[in-house]
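Everything below belongs to final11.txt, which stores compact mmCIF, N, CA, C and O atoms.
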# COMPACT_ATOMS: atom_id res chain seq x y z
N MET A 166 -34.08 68.30 3.85
CA MET A 166 -32.86 67.55 3.71
C MET A 166 -32.83 66.45 4.76
O MET A 166 -33.29 66.66 5.87
N ASP A 167 -32.24 65.33 4.44
CA ASP A 167 -32.12 64.30 5.47
C ASP A 167 -30.72 64.32 6.07
O ASP A 167 -29.85 65.07 5.64
N ARG A 168 -30.50 63.51 7.07
CA ARG A 168 -29.24 63.58 7.83
C ARG A 168 -28.02 63.16 7.02
O ARG A 168 -26.91 63.46 7.40
N LYS A 169 -28.19 62.48 5.90
CA LYS A 169 -27.04 62.13 5.08
C LYS A 169 -26.38 63.36 4.46
O LYS A 169 -25.23 63.33 4.08
N PHE A 170 -27.14 64.44 4.33
CA PHE A 170 -26.60 65.66 3.73
C PHE A 170 -26.21 66.69 4.77
O PHE A 170 -25.81 67.79 4.42
N CYS A 171 -26.30 66.35 6.04
CA CYS A 171 -25.98 67.28 7.12
C CYS A 171 -24.49 67.19 7.44
O CYS A 171 -24.10 66.86 8.54
N SER A 172 -23.66 67.48 6.47
CA SER A 172 -22.21 67.47 6.68
C SER A 172 -21.70 68.89 6.72
O SER A 172 -22.33 69.81 6.20
N PHE A 173 -20.55 69.07 7.32
CA PHE A 173 -19.94 70.40 7.38
C PHE A 173 -19.79 70.97 5.98
O PHE A 173 -20.11 72.12 5.71
N TYR A 174 -19.29 70.15 5.06
CA TYR A 174 -19.04 70.61 3.70
C TYR A 174 -20.33 71.13 3.05
O TYR A 174 -20.36 72.24 2.52
N ASN A 175 -21.38 70.31 3.07
CA ASN A 175 -22.65 70.73 2.46
C ASN A 175 -23.22 71.98 3.12
O ASN A 175 -23.65 72.91 2.44
N LEU A 176 -23.22 72.01 4.44
CA LEU A 176 -23.78 73.16 5.15
C LEU A 176 -22.95 74.43 4.89
O LEU A 176 -23.51 75.50 4.69
N ALA A 177 -21.63 74.31 4.87
CA ALA A 177 -20.78 75.48 4.62
C ALA A 177 -20.99 76.01 3.21
O ALA A 177 -21.05 77.23 3.00
N LYS A 178 -21.11 75.13 2.24
CA LYS A 178 -21.32 75.56 0.85
C LYS A 178 -22.69 76.23 0.70
O LYS A 178 -22.81 77.26 0.02
N LEU A 179 -23.72 75.67 1.31
CA LEU A 179 -25.05 76.28 1.24
C LEU A 179 -25.06 77.63 1.94
O LEU A 179 -25.64 78.60 1.46
N ARG A 180 -24.40 77.71 3.09
CA ARG A 180 -24.34 78.97 3.83
C ARG A 180 -23.61 80.04 3.03
O ARG A 180 -24.02 81.20 3.01
N SER A 181 -22.53 79.66 2.35
CA SER A 181 -21.79 80.64 1.56
C SER A 181 -22.62 81.16 0.39
O SER A 181 -22.42 82.27 -0.08
N ALA A 182 -23.59 80.35 -0.06
CA ALA A 182 -24.50 80.78 -1.12
C ALA A 182 -25.75 81.45 -0.56
O ALA A 182 -26.69 81.72 -1.29
N GLU A 183 -25.74 81.70 0.76
CA GLU A 183 -26.85 82.34 1.48
C GLU A 183 -28.16 81.56 1.34
O GLU A 183 -29.24 82.12 1.18
N ILE A 184 -28.05 80.23 1.40
CA ILE A 184 -29.21 79.34 1.35
C ILE A 184 -29.45 78.79 2.75
O ILE A 184 -28.55 78.23 3.37
N ASP A 185 -30.66 78.97 3.26
CA ASP A 185 -31.03 78.44 4.57
C ASP A 185 -31.42 76.97 4.42
O ASP A 185 -32.03 76.57 3.43
N VAL A 186 -31.09 76.19 5.45
CA VAL A 186 -31.33 74.76 5.41
C VAL A 186 -31.90 74.30 6.74
O VAL A 186 -31.49 74.79 7.79
N VAL A 187 -32.83 73.37 6.69
CA VAL A 187 -33.33 72.70 7.88
C VAL A 187 -33.08 71.21 7.68
O VAL A 187 -33.50 70.63 6.68
N CYS A 188 -32.37 70.61 8.63
CA CYS A 188 -32.09 69.18 8.52
C CYS A 188 -31.82 68.63 9.92
O CYS A 188 -31.41 69.37 10.81
N PRO A 189 -32.02 67.34 10.10
CA PRO A 189 -31.69 66.73 11.39
C PRO A 189 -30.18 66.70 11.59
O PRO A 189 -29.42 66.68 10.62
N LEU A 190 -29.78 66.69 12.83
CA LEU A 190 -28.37 66.61 13.16
C LEU A 190 -27.83 65.23 12.81
O LEU A 190 -28.49 64.22 13.03
N HIS A 191 -26.65 65.20 12.23
CA HIS A 191 -26.02 63.93 11.89
C HIS A 191 -25.83 63.09 13.14
O HIS A 191 -25.52 63.62 14.21
N GLN A 192 -26.01 61.79 13.02
CA GLN A 192 -25.97 60.91 14.20
C GLN A 192 -24.62 60.89 14.90
O GLN A 192 -24.55 60.52 16.07
N ARG A 193 -23.56 61.30 14.26
CA ARG A 193 -22.23 61.32 14.91
C ARG A 193 -21.97 62.60 15.68
O ARG A 193 -20.97 62.69 16.37
N ARG A 194 -22.83 63.59 15.55
CA ARG A 194 -22.64 64.85 16.27
C ARG A 194 -23.38 64.76 17.61
O ARG A 194 -24.52 64.32 17.68
N ASP A 195 -22.72 65.18 18.66
CA ASP A 195 -23.29 65.16 20.01
C ASP A 195 -24.03 66.48 20.26
O ASP A 195 -23.39 67.52 20.39
N PRO A 196 -25.37 66.45 20.32
CA PRO A 196 -26.11 67.70 20.49
C PRO A 196 -25.79 68.42 21.80
O PRO A 196 -25.74 69.64 21.83
N GLN A 197 -25.55 67.68 22.87
CA GLN A 197 -25.27 68.32 24.16
C GLN A 197 -23.94 69.07 24.11
O GLN A 197 -23.80 70.15 24.67
N ARG A 198 -22.95 68.52 23.42
CA ARG A 198 -21.65 69.19 23.28
C ARG A 198 -21.80 70.47 22.45
O ARG A 198 -21.26 71.52 22.80
N LEU A 199 -22.56 70.39 21.38
CA LEU A 199 -22.78 71.56 20.54
C LEU A 199 -23.52 72.65 21.30
O LEU A 199 -23.17 73.83 21.23
N ILE A 200 -24.55 72.26 22.04
CA ILE A 200 -25.32 73.23 22.83
C ILE A 200 -24.43 73.90 23.87
O ILE A 200 -24.49 75.11 24.08
N ALA A 201 -23.57 73.12 24.51
CA ALA A 201 -22.67 73.66 25.53
C ALA A 201 -21.70 74.67 24.93
O ALA A 201 -21.31 75.64 25.59
N GLN A 202 -21.32 74.48 23.67
CA GLN A 202 -20.38 75.39 23.01
C GLN A 202 -21.07 76.58 22.37
O GLN A 202 -20.43 77.57 22.07
N GLY A 203 -22.38 76.48 22.14
CA GLY A 203 -23.11 77.55 21.46
C GLY A 203 -23.79 78.48 22.43
O GLY A 203 -23.48 78.51 23.62
N HIS A 204 -24.75 79.26 21.90
CA HIS A 204 -25.54 80.11 22.79
C HIS A 204 -26.99 80.13 22.32
O HIS A 204 -27.29 80.00 21.13
N SER A 205 -27.89 80.25 23.27
CA SER A 205 -29.32 80.18 23.02
C SER A 205 -29.81 81.46 22.35
O SER A 205 -29.40 82.56 22.71
N ILE A 206 -30.70 81.29 21.37
CA ILE A 206 -31.33 82.45 20.73
C ILE A 206 -32.84 82.41 20.87
O ILE A 206 -33.53 83.30 20.39
N GLY A 207 -33.35 81.39 21.55
CA GLY A 207 -34.78 81.26 21.77
C GLY A 207 -35.08 79.90 22.36
O GLY A 207 -34.18 79.11 22.64
N LYS A 208 -36.36 79.63 22.55
CA LYS A 208 -36.76 78.33 23.12
C LYS A 208 -36.36 77.20 22.16
O LYS A 208 -36.79 77.18 21.02
N ASP A 209 -35.54 76.30 22.65
CA ASP A 209 -35.05 75.16 21.87
C ASP A 209 -34.34 75.57 20.58
O ASP A 209 -34.38 74.84 19.59
N GLU A 210 -33.68 76.72 20.58
CA GLU A 210 -32.90 77.17 19.42
C GLU A 210 -31.55 77.69 19.90
O GLU A 210 -31.48 78.45 20.85
N TRP A 211 -30.50 77.25 19.21
CA TRP A 211 -29.15 77.66 19.56
C TRP A 211 -28.36 77.96 18.31
O TRP A 211 -28.61 77.37 17.25
N ILE A 212 -27.40 78.84 18.42
CA ILE A 212 -26.38 78.97 17.39
C ILE A 212 -25.20 78.15 17.90
O ILE A 212 -24.70 78.38 19.00
N VAL A 213 -24.81 77.16 17.10
CA VAL A 213 -23.76 76.24 17.53
C VAL A 213 -22.63 76.23 16.51
O VAL A 213 -22.86 76.41 15.32
N PRO A 214 -21.40 76.05 16.99
CA PRO A 214 -20.27 75.98 16.05
C PRO A 214 -20.12 74.57 15.49
O PRO A 214 -20.29 73.59 16.21
N LEU A 215 -19.86 74.47 14.21
CA LEU A 215 -19.51 73.19 13.60
C LEU A 215 -18.10 73.33 13.06
O LEU A 215 -17.75 74.35 12.47
N ASP A 216 -17.30 72.31 13.26
CA ASP A 216 -15.94 72.35 12.77
C ASP A 216 -15.69 71.17 11.84
O ASP A 216 -16.51 70.26 11.73
N LEU A 217 -14.57 71.23 11.17
CA LEU A 217 -14.19 70.18 10.23
C LEU A 217 -12.82 69.67 10.63
O LEU A 217 -11.87 70.45 10.75
N CYS A 218 -12.72 68.37 10.85
CA CYS A 218 -11.43 67.82 11.27
C CYS A 218 -10.41 67.94 10.13
O CYS A 218 -10.76 68.02 8.95
N ALA A 219 -9.16 67.98 10.49
CA ALA A 219 -8.07 68.19 9.52
C ALA A 219 -8.06 67.12 8.44
O ALA A 219 -7.79 67.41 7.26
N GLN A 220 -8.37 65.89 8.81
CA GLN A 220 -8.37 64.79 7.83
C GLN A 220 -9.39 65.04 6.73
O GLN A 220 -9.10 64.88 5.54
N LEU A 221 -10.60 65.45 7.11
CA LEU A 221 -11.62 65.73 6.10
C LEU A 221 -11.30 66.99 5.30
O LEU A 221 -11.57 67.06 4.10
N ARG A 222 -10.72 67.97 5.95
CA ARG A 222 -10.34 69.20 5.25
C ARG A 222 -9.36 68.88 4.12
O ARG A 222 -9.47 69.38 3.01
N ARG A 223 -8.40 68.00 4.40
CA ARG A 223 -7.45 67.59 3.36
C ARG A 223 -8.15 66.81 2.26
O ARG A 223 -7.84 66.95 1.08
N ARG A 224 -9.10 65.96 2.64
CA ARG A 224 -9.81 65.16 1.64
C ARG A 224 -10.63 66.04 0.69
O ARG A 224 -10.65 65.82 -0.51
N TYR A 225 -11.28 67.07 1.24
CA TYR A 225 -12.07 67.97 0.40
C TYR A 225 -11.17 68.86 -0.45
O TYR A 225 -11.55 69.24 -1.55
N ASP A 226 -10.00 69.22 0.06
CA ASP A 226 -9.05 70.07 -0.66
C ASP A 226 -9.74 71.28 -1.29
O ASP A 226 -9.62 71.56 -2.47
N ASP A 227 -10.50 71.99 -0.45
CA ASP A 227 -11.26 73.16 -0.91
C ASP A 227 -10.88 74.35 -0.03
O ASP A 227 -11.36 74.47 1.10
N PRO A 228 -10.04 75.25 -0.53
CA PRO A 228 -9.59 76.38 0.29
C PRO A 228 -10.70 77.36 0.64
O PRO A 228 -10.55 78.19 1.54
N SER A 229 -11.85 77.27 -0.02
CA SER A 229 -12.95 78.19 0.29
C SER A 229 -13.73 77.78 1.54
O SER A 229 -14.55 78.54 2.03
N LEU A 230 -13.47 76.58 2.05
CA LEU A 230 -14.18 76.14 3.27
C LEU A 230 -13.71 76.95 4.47
O LEU A 230 -12.51 77.09 4.70
N PRO A 231 -14.66 77.47 5.26
CA PRO A 231 -14.25 78.18 6.49
C PRO A 231 -13.72 77.20 7.53
O PRO A 231 -14.00 76.01 7.47
N ARG A 232 -12.96 77.71 8.45
CA ARG A 232 -12.42 76.86 9.53
C ARG A 232 -13.54 76.42 10.47
O ARG A 232 -13.54 75.32 10.98
N LEU A 233 -14.48 77.31 10.71
CA LEU A 233 -15.55 77.06 11.65
C LEU A 233 -16.80 77.76 11.13
O LEU A 233 -16.71 78.82 10.56
N CYS A 234 -17.94 77.14 11.32
CA CYS A 234 -19.21 77.76 10.93
C CYS A 234 -20.15 77.77 12.13
O CYS A 234 -20.14 76.83 12.93
N GLY A 235 -20.95 78.80 12.24
CA GLY A 235 -21.99 78.84 13.26
C GLY A 235 -23.33 78.59 12.60
O GLY A 235 -23.64 79.16 11.56
N PHE A 236 -24.12 77.71 13.18
CA PHE A 236 -25.43 77.35 12.63
C PHE A 236 -26.48 77.39 13.70
O PHE A 236 -26.20 77.14 14.87
N VAL A 237 -27.70 77.69 13.29
CA VAL A 237 -28.85 77.68 14.19
C VAL A 237 -29.49 76.33 14.13
O VAL A 237 -29.65 75.76 13.09
Any chance you could put this one into structure tokens?
Amino acid sequence: MDRKFCSFYNLAKLRSAEIDVVCPLHQRRDPQRLIAQGHSIGKDEWIVPLDLCAQLRRRYDDPSLPRLCGFV
């Protein structure tokens, strides 16, 4: 997957379907902030929280979206 598909919505939907994904981090996400909020699970691997701002949550209007997702 390329970074255009690395959105909270796409990742949350794939995760809910138990589909694993590898993709680059979207250019608007700060990796250092995510790493600081997450925890290390190995060399250069972290579980990090991704959130969805209220404005986008309203735009998607999908009640099945989780409030927060953790991703490796």
Task: Gap from atom C of A:Pro196 to atom CA of A:Cys171 - Å, one decimal - done: 14.7 Å
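Using only C-alpha atoms, the smallest distance between any of A:His191, A:Ile200, A:Glu210, A:Asp226 and A:Phe173 comes from A:His191.
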- [ ] Run DSSP on the backbone and grab whatever in stretch 186-226 of chain A lands in alpha helix (DSSP H); send it over as a PyMOL selection string.
- [x] chain A and resi 196-202+219-225
Task: Who sits within 12 Å of A:Arg198, only C-alpha atoms, same chain under 6 positions skipped, as a list in words - done: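 Skipping anything fewer than 6 positions along the chain leaves His204, Trp211, Val213, Pro214 and Leu215 of chain A.
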Open item on the list: Report as a list in words all protein, DNA and RNA residues lying within 8 Å of stretch 216-219 of chain A, evaluated on all atoms listed in the file, omitting residues in the same chain fewer than 2 positions from it.
Closed with: Ser172, Phe173, Tyr174, Val213, Pro214, Leu221, Arg222, Arg223, Arg224, Tyr225, Asp226, Pro231, Arg232, Leu233, Cys234 and Gly235 of chain A
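Restricting the calculation to only C-alpha atoms, the smallest distance between A:Ser229 and any of A:Arg193, A:Lys208, A:Ser181, A:Leu176 is found for A:Ser181.
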TODO: Once DSSP has gone over the backbone, tell me which residues of chain A are in strand (DSSP E or B), as a PyMOL selection string.
DONE: chain A and resi 204-207+210-216+233-236
